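Peer 1: Take this structure, written in structure tokens, and hold onto it; I'll ask about it next.
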Amino acid sequence: MMKTKPRATLASLSPANFAMVMATGIVSIAAQNFGYAAIGHTLFVLNNILYLILCILYALRLYRYPAKVWADINNHATGLSFLTFVAATNVLGVQYIVMAEQPFMGLIFWLIGVVFWLIITYLVFTLFIIKEKKPDLVHGLNGAWLLAIVATQSVAVLSTLIATHSLPSIRLELNFIAFSMWLWGGMQYIWMMALIFYRYNFFIMEPSELTPPYWINMGAMAISTLAGSLLIEHAAHAPYLFSVLSFIKGFTVFYWATATWWIPMLVILLIWRHVYKRFPLRYDPLFWGAVFPLGMYTVCTQHLNQAMQFDFLDGVAFLMLIVALIAWALTFFGLSRKTWRWLTA
């Protein structure tokens, strides 16, 4: 029993588990930005442990169950979930730069993130395009598709931060990469969100289908706002960015407004799912996909405030920090409880 249980768990390991690192990292940064250094540092240390454990588990899964990994990659519902690794890697890289002041470590994580962004993005979309048997829109499309935007924008965010610590000879190239990825992420959102919104309004949505990753509807725009805000903040030291500053400002506010619109809608749908439809509320790795957008909205609002020289959004960011911390704590409690039951079963 003790031999088969770890194997069965490893074989069925969800590709979306790296969202745990994404969520922990961004909540850590949010707490640090508001001066809660103890919380931020604790979560930073924990995030390094979680990242290492998950890397080992996924390496073992790839070694022992390559067919299952390939099946997940070639599945419309799960393929893009592997991009949580890219986003998690870049979020951890951001933590090393802004919290530990170690830009070299940030560069290492950036290199890993870029390489796997290229591999996973082109592999998954190529497989989807050339497949002879494809699911319909209802069964093939979900909120996890927006991880393509999150992963892309995470590269933009980390590229901008690395550029500020880089040699002047390569700063232009890094800023160009950051700006290009920011634009590409926005274009991806327009494509995918049109399909998701169509799915919402013209097909029946069962409570079981309205999974937590749909919160990435908001999270994808929140990280786009963060990337834009960082470009604005660093434009003074980058003539290339300064030349398109008005464009960046306009689209950054556009992204933030879109993210903000989604929050009440997602809360209403959450109540409909778990209160009106009484869908069971139990721990699932997918819930980290809802925690991450809350933390990201907090951080992006903080930076938008700074970039645009607003003052009136501080209260909004602080409120969202409280919500993000509560959501993280509840989800981590669910994970701990499930792990304990698994160990003692």
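Every chain in the structure tokens takes a letter, A first, then B, and so on in the order presented; its residues are numbered from 1, and the ligands are numbered from 1 following the presented order.
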Sorted by chain and rising residue number, list the residues of range 114-232 of chain A at most 7 Å from range 266-289 of chain A (counting only C-alpha atoms), each with its closest atom pair and distance in Å to one decimal, as CSV.

Peer 2:
```
residue,atom,partner,partner_atom,distance
A:Pro207,CA,A:Arg273,CA,5.2
A:Pro212,CA,A:Phe287,CA,5.4
A:Pro213,CA,A:Gly289,CA,4.9
A:Trp215,CA,A:Leu266,CA,6.8
A:Ile216,CA,A:Gly289,CA,6.7
```

Peer 1: Please provide as number ranges by chain all residues within 10 Å of Asn33 in chain A, with the sequence filter that same-chain residues fewer than 3 positions apart are discarded (counting only C-alpha atoms).

Peer 2: A: 27-30, 36-37, 40, 98-99, 298-299, 302-303

Peer 1: Write out as a list in words which residues come within 10 Å of Ala100 in chain A when counting only C-alpha atoms, dropping same-chain ones fewer than 6 positions away.

Peer 2: His41, Phe44, Gly93, Val94 and Gly106 of chain A

Peer 1: How about saving the chosen residues, C-alpha atoms kept, as a PDB file, in the first residue's frame?

Peer 2:
```
ATOM      1  CA  HIS A  41      10.609  36.814   3.935  1.00  0.00           C
ATOM      2  CA  PHE A  44      10.106  33.770   0.157  1.00  0.00           C
ATOM      3  CA  GLY A  93      13.397  35.393 -10.133  1.00  0.00           C
ATOM      4  CA  VAL A  94      11.559  38.632  -9.360  1.00  0.00           C
ATOM      5  CA  GLY A 106      17.198  36.686 -11.181  1.00  0.00           C
TER       6      GLY A 106
END
```

Peer 1: Could you pull out all residues of range 109-316 of chain A with a DSSP call of helix (DSSP H, G or I) and give them as JSON, numbers by chain?

Peer 2: {"A": [109, 110, 111, 112, 113, 114, 115, 116, 117, 118, 119, 120, 121, 122, 123, 124, 125, 126, 127, 128, 129, 130, 137, 138, 139, 140, 143, 144, 145, 146, 147, 148, 149, 150, 151, 152, 153, 154, 155, 156, 157, 158, 159, 160, 161, 162, 163, 164, 168, 169, 170, 171, 172, 173, 174, 175, 176, 177, 178, 179, 180, 181, 182, 183, 184, 185, 186, 187, 188, 189, 190, 191, 192, 193, 194, 195, 196, 197, 198, 199, 200, 201, 202, 207, 208, 209, 212, 213, 214, 215, 216, 217, 218, 219, 220, 221, 222, 223, 224, 225, 226, 227, 228, 229, 230, 231, 232, 233, 235, 236, 237, 239, 240, 241, 242, 245, 246, 247, 248, 249, 250, 251, 252, 253, 254, 255, 256, 257, 258, 259, 260, 261, 262, 263, 264, 265, 266, 267, 268, 269, 270, 271, 272, 273, 274, 275, 276, 285, 286, 287, 288, 289, 290, 291, 292, 293, 294, 295, 296, 297, 298, 299, 300, 301, 302, 303, 304, 305, 306, 307, 314, 315, 316]}

Peer 1: With the cut-off set at 12 Å and counting only C-alpha atoms, tabulate each residue of range 190-265 of chain A with an atom at most that distance from an atom of range 154-173 of chain A, showing the nearest atom pair and its distance in Å to one decimal, ordered by chain and increasing number, as CSV.

Peer 2:
```
residue,atom,partner,partner_atom,distance
A:Gly219,CA,A:Ser154,CA,11.5
A:Ala220,CA,A:Ser154,CA,9.9
A:Met221,CA,A:Ser154,CA,11.7
A:Ala222,CA,A:Ser154,CA,11.0
A:Ile223,CA,A:Ser154,CA,7.2
A:Ser224,CA,A:Ser154,CA,8.5
A:Thr225,CA,A:Val157,CA,9.9
A:Leu226,CA,A:Val157,CA,7.2
A:Ala227,CA,A:Val157,CA,4.9
A:Gly228,CA,A:Val157,CA,8.3
A:Ser229,CA,A:Val157,CA,9.3
A:Leu230,CA,A:Thr160,CA,6.8
A:Leu231,CA,A:Thr160,CA,6.6
A:Ile232,CA,A:Thr160,CA,10.1
A:Glu233,CA,A:Thr160,CA,9.8
A:His234,CA,A:Thr164,CA,7.5
A:Ala235,CA,A:Thr160,CA,9.9
A:Ala236,CA,A:Thr164,CA,11.0
A:His237,CA,A:Thr164,CA,8.2
A:Ala238,CA,A:Leu172,CA,7.2
A:Pro239,CA,A:Leu172,CA,8.7
A:Tyr240,CA,A:Leu172,CA,7.3
A:Leu241,CA,A:Leu172,CA,9.0
A:Phe242,CA,A:Leu172,CA,11.8
```

Peer 1: Just give me the gap between CA of Ile190 in chain A and CA of Phe116 in chain A in Å, one decimal is fine.

Peer 2: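 Between CA of Ile190 in chain A and CA of Phe116 in chain A the gap is 23.3 Å.
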
Peer 1: Between A:Thr84, A:Val124, A:Leu92, A:Leu111, single out the one closest to Asp72 in chain A, counting only C-alpha atoms.

Peer 2: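 Using only C-alpha atoms, Asp72 in chain A sits closest to A:Val124.
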
Peer 1: Please determine, counting only C-alpha atoms, which residue among A:Trp340, A:Trp262, A:Phe332, A:Phe109 has the shortest atom-to-atom distance to Ile97 in chain A.

Peer 2: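 The shortest atom-to-atom distance to Ile97 in chain A comes from A:Phe109.
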